[in-house]
Every structure is written in structure tokens, then in C-alpha cells.
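S.K.: Provided herewith is a single structure, encoded as C-alpha cells, for subsequent inquiry.
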Amino acid sequence: MINSSANPDDAEVAIAAACAGADVVHSMYGRRLTRIDKGAGDFATAADVEAEKTIIGVIRAARPDDAVLGEEGGRRGAADAVRQWLVDPLCGTLNYAAGNMLVAVNVALRDGAAAVADPFSGEAFFTCGESAWVRHDGVDARLAPTSATQLVDVNLDPPFPSAPGFRAVDLLAHPEFVKRFRPRVVSTTLALAWVAAGKRAAYVTDGGDLSESVHFAAGIAVCRAAGCVVTGVDGAPIGQAGRGLVVAADAETHGLLMSMIRSRS
């Protein structure tokens, strides 16, 4: 569904904001950064905070009347704003703090354009809401999902709200999974963009309603626009009644994963 107030240039705003945040993340990589404790083992770094400020600055300059929901700073803008941007300035903070470059910067207009920027490859995966592309070195290429790699990214980070009915770690031990796929654990929603780009066959994570999550909204939007199959771990459409994500490059791969998940439930 496209936001009724969508602007044809929203995709460029999303790309500009995500790439500006990615530049901050890249520039601060490798420094000794202050950590902000969030509890339960979660934390942010100064890079998260600075990247979010930069992203919001880009959005504010282009769309001053829009509201913004940021992972670090919460909601900004009018409570009754028709349009809201969802911002995850650094997805994969633990990776980043440990010196691992597997991170993403996510910017999404609710029900509209979205962009996922990789600070280290220079790629920006994006959608206007109807089609999906990747921009690299100023060149745009249409995203083409494929299950050819047979690589499935599985998020093993807590919480696990669907346990014991569904546990991602059990999926990895399923005989059919071992036979058909090879697991990867990237621990960042960059893996969602990789499904859209054909670098991964699928992505699986537990959770609640992830459709309007600052972490997942951009990746989900890009995958949907690319033609991926997107459901919850229960096979239902994601949303308030759904839970978690099973995103696959094609219907066959999605069906195989769902059969394995159901056989373990």
C-alpha cells in the first residue's frame, strides 16, 4: 500500500537520509565510542546517536511537516502528522562495536518509500513503494531476488516470543534444512536487503509485529517491492495479528521453510 500523501521524490529523500547516516557510521568506525546502556544487554553507541541526528536533519530539510520515529530519540514532529518516517540509524550495533562491518542504516516512510544503506559497501537498496533497486556508484540496478545461493539468514538474537512453538535454533537442525540450505547469522537487517538482491535465499526471525518496526520497516518494504514472499513465522501476513518474519526470494523457498517450521511446532 502506498501512502496517499506520497511524493514521487520520497525515495530520493529516503536514499539521501540513509546514505548520510551511513557516512557517519563509516566515519566513526573503529573509534572507541561511548556506549549508552538500554538494559537487557542492549546498548547504543555515539555513532547511533550521531547518525540519527544526521538522518533527521536530511528529512527535516526535505519534509519539514513530516513526523519522525527514531530508535534513539523517539518521536519528533506533530502528533497528528499524516506522514511518519521510521529511522534505525545503525542496525547491528553489537557487530559495529566489536569491529564487524555487517551493519545497515534503515529509513522508511510508513507505507511508502524506503532505503537500506550499507555503510561499507556503498550500496543503497531502495524502493519508491512499487519497484526495488540498488544504487552503487551512482548507478541504479533493478533488484532480482533468487534462491540460487541457498543461503538462509536466521536471526538468533532474543527475545523469542514464539517459543516453544517456534525457535529459530530448531530450524537450523531440521533435516530438510540441513539438506537444502546453508545457514548464515548476520545479526543485522542488512540481510533482508540481501534477500531482495539475490544474495540470500531467505531470512527468518522471531518477534511480534515487525511491519512498523524502525528496525525492519525499510527492509520489508524493499523485499515486498522486489517481489519476495513476506509473511510471519505462522505463515500469516505480517501486521498486528502476525509475528516474526519469513522472507523468501520465491514461493518455493518460502513453502519449504514454512513446512519445516510447522513440522517443529
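Following the order of the C-alpha cells, first chain is A, next is B, and so on, with residues numbered from 1 inside each chain and ligands from 1 in the order they appear.
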Skip Pro183 (chain A) itself and residues of its chain fewer than 3 positions away, then list as a ChimeraX atom specification all residues within 7 Å of it, counting only C-alpha atoms.
M.R.: /A:151-154,172
S.K.: Quick one: write out the picked residues with C-alpha atoms as a short mmCIF file (atom, residue, chain, number, x, y, z; two decimals), in the first residue's frame?
M.R.:
data_model
loop_
_atom_site.label_atom_id
_atom_site.label_comp_id
_atom_site.auth_asym_id
_atom_site.auth_seq_id
_atom_site.Cartn_x
_atom_site.Cartn_y
_atom_site.Cartn_z
CA LEU A 151 21.87 -19.27 1.92
CA VAL A 152 19.30 -18.57 4.62
CA ASP A 153 19.95 -15.93 7.24
CA VAL A 154 18.43 -16.77 10.63
CA LEU A 172 18.79 -24.94 11.79
#
S.K.: Please identify which residues in region 9-243 of chain A DSSP calls helix (DSSP H, G or I) from the backbone, and express them as an MDAnalysis selection string.
M.R.: chainID A and resid 10:28 46:62 93:97 168:173 175:180 190:197 217:226
S.K.: Nearest to Arg135 (chain A): which of A:Ala117, A:Val58, A:Val24, A:Ala40 is it, counting only C-alpha atoms?
M.R.: A:Ala117
S.K.: Excluding same-chain residues fewer than 5 positions from region 191-197 of chain A, what lies within 7 Å of it counting only C-alpha atoms, as an MDAnalysis selection string?
M.R.: chainID A and resid 125 143:145 153 186 202:203 219 222:223 226 228 248:249
S.K.: Restrict the selected residues to all heavy atoms and save them as an mmCIF file, in the first residue's frame.
M.R.:
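Listed below is the output, again-v5.cif:
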data_model
loop_
_atom_site.group_PDB
_atom_site.id
_atom_site.type_symbol
_atom_site.label_atom_id
_atom_site.label_comp_id
_atom_site.auth_asym_id
_atom_site.auth_seq_id
_atom_site.Cartn_x
_atom_site.Cartn_y
_atom_site.Cartn_z
ATOM 1 N N PHE A 125 19.956 0.126 -1.043
ATOM 2 C CA PHE A 125 18.820 -0.634 -1.553
ATOM 3 C C PHE A 125 17.576 0.205 -1.281
ATOM 4 O O PHE A 125 17.364 0.632 -0.143
ATOM 5 C CB PHE A 125 18.721 -1.977 -0.842
ATOM 6 C CG PHE A 125 20.009 -2.774 -0.875
ATOM 7 C CD1 PHE A 125 21.009 -2.577 0.076
ATOM 8 C CD2 PHE A 125 20.231 -3.720 -1.866
ATOM 9 C CE1 PHE A 125 22.190 -3.296 0.043
ATOM 10 C CE2 PHE A 125 21.403 -4.457 -1.912
ATOM 11 C CZ PHE A 125 22.382 -4.247 -0.955
ATOM 12 N N LEU A 143 16.468 -4.759 -8.490
ATOM 13 C CA LEU A 143 16.727 -5.902 -7.623
ATOM 14 C C LEU A 143 16.026 -7.134 -8.172
ATOM 15 O O LEU A 143 14.874 -7.066 -8.614
ATOM 16 C CB LEU A 143 16.252 -5.614 -6.195
ATOM 17 C CG LEU A 143 17.064 -4.551 -5.441
ATOM 18 C CD1 LEU A 143 16.464 -4.294 -4.064
ATOM 19 C CD2 LEU A 143 18.522 -4.972 -5.293
ATOM 20 N N ALA A 144 16.714 -8.264 -8.118
ATOM 21 C CA ALA A 144 16.183 -9.510 -8.673
ATOM 22 C C ALA A 144 16.395 -10.641 -7.666
ATOM 23 O O ALA A 144 17.447 -11.268 -7.637
ATOM 24 C CB ALA A 144 16.872 -9.841 -9.996
ATOM 25 N N PRO A 145 15.398 -10.901 -6.812
ATOM 26 C CA PRO A 145 15.531 -11.974 -5.828
ATOM 27 C C PRO A 145 15.705 -13.329 -6.509
ATOM 28 O O PRO A 145 15.115 -13.601 -7.550
ATOM 29 C CB PRO A 145 14.199 -11.926 -5.065
ATOM 30 C CG PRO A 145 13.616 -10.591 -5.378
ATOM 31 C CD PRO A 145 14.097 -10.231 -6.734
ATOM 32 N N ASP A 153 19.520 -16.641 6.054
ATOM 33 C CA ASP A 153 19.947 -15.927 7.241
ATOM 34 C C ASP A 153 18.903 -16.101 8.335
ATOM 35 O O ASP A 153 17.716 -15.864 8.104
ATOM 36 C CB ASP A 153 20.125 -14.442 6.941
ATOM 37 C CG ASP A 153 21.413 -13.924 7.520
ATOM 38 O OD1 ASP A 153 21.472 -13.799 8.753
ATOM 39 O OD2 ASP A 153 22.349 -13.678 6.753
ATOM 40 N N VAL A 186 23.885 -13.139 10.274
ATOM 41 C CA VAL A 186 24.491 -11.832 10.062
ATOM 42 C C VAL A 186 24.201 -10.888 11.234
ATOM 43 O O VAL A 186 24.985 -10.018 11.550
ATOM 44 C CB VAL A 186 23.985 -11.219 8.736
ATOM 45 C CG1 VAL A 186 24.456 -9.775 8.580
ATOM 46 C CG2 VAL A 186 24.497 -12.047 7.562
ATOM 47 N N ALA A 202 16.711 -16.496 1.738
ATOM 48 C CA ALA A 202 15.640 -16.203 2.688
ATOM 49 C C ALA A 202 16.209 -15.620 3.974
ATOM 50 O O ALA A 202 17.420 -15.672 4.226
ATOM 51 C CB ALA A 202 14.844 -17.469 3.003
ATOM 52 N N TYR A 203 15.298 -15.092 4.768
ATOM 53 C CA TYR A 203 15.627 -14.530 6.075
ATOM 54 C C TYR A 203 14.518 -14.931 7.037
ATOM 55 O O TYR A 203 13.327 -14.835 6.699
ATOM 56 C CB TYR A 203 15.708 -13.009 5.988
ATOM 57 C CG TYR A 203 15.907 -12.303 7.312
ATOM 58 C CD1 TYR A 203 17.178 -12.126 7.843
ATOM 59 C CD2 TYR A 203 14.822 -11.805 8.027
ATOM 60 C CE1 TYR A 203 17.367 -11.467 9.051
ATOM 61 C CE2 TYR A 203 14.992 -11.138 9.230
ATOM 62 C CZ TYR A 203 16.273 -10.972 9.740
ATOM 63 O OH TYR A 203 16.453 -10.333 10.943
ATOM 64 N N GLY A 219 13.586 -2.738 5.329
ATOM 65 C CA GLY A 219 13.914 -3.999 4.685
ATOM 66 C C GLY A 219 12.689 -4.723 4.151
ATOM 67 O O GLY A 219 12.710 -5.299 3.058
ATOM 68 N N VAL A 222 11.493 -2.955 0.930
ATOM 69 C CA VAL A 222 12.341 -3.263 -0.219
ATOM 70 C C VAL A 222 12.064 -4.676 -0.720
ATOM 71 O O VAL A 222 11.937 -4.914 -1.928
ATOM 72 C CB VAL A 222 13.828 -3.084 0.146
ATOM 73 C CG1 VAL A 222 14.730 -3.652 -0.949
ATOM 74 C CG2 VAL A 222 14.156 -1.612 0.371
ATOM 75 N N CYS A 223 11.941 -5.627 0.206
ATOM 76 C CA CYS A 223 11.682 -7.021 -0.183
ATOM 77 C C CYS A 223 10.331 -7.157 -0.881
ATOM 78 O O CYS A 223 10.220 -7.844 -1.902
ATOM 79 C CB CYS A 223 11.744 -7.929 1.036
ATOM 80 S SG CYS A 223 13.428 -8.272 1.605
ATOM 81 N N ALA A 226 10.464 -5.804 -4.340
ATOM 82 C CA ALA A 226 11.292 -6.634 -5.221
ATOM 83 C C ALA A 226 10.569 -7.907 -5.657
ATOM 84 O O ALA A 226 11.030 -8.600 -6.561
ATOM 85 C CB ALA A 226 12.599 -6.989 -4.525
ATOM 86 N N CYS A 228 9.573 -10.418 -3.303
ATOM 87 C CA CYS A 228 9.802 -11.513 -2.360
ATOM 88 C C CYS A 228 8.487 -11.925 -1.698
ATOM 89 O O CYS A 228 7.521 -11.160 -1.668
ATOM 90 C CB CYS A 228 10.793 -11.085 -1.277
ATOM 91 S SG CYS A 228 12.422 -10.603 -1.884
ATOM 92 N N ALA A 248 11.298 -14.766 1.785
ATOM 93 C CA ALA A 248 11.987 -15.655 0.849
ATOM 94 C C ALA A 248 12.010 -15.057 -0.547
ATOM 95 O O ALA A 248 11.117 -14.300 -0.935
ATOM 96 C CB ALA A 248 11.315 -17.024 0.814
ATOM 97 N N ALA A 249 13.032 -15.429 -1.310
ATOM 98 C CA ALA A 249 13.176 -14.918 -2.668
ATOM 99 C C ALA A 249 12.061 -15.393 -3.582
ATOM 100 O O ALA A 249 11.694 -14.705 -4.526
ATOM 101 C CB ALA A 249 14.529 -15.336 -3.235
#
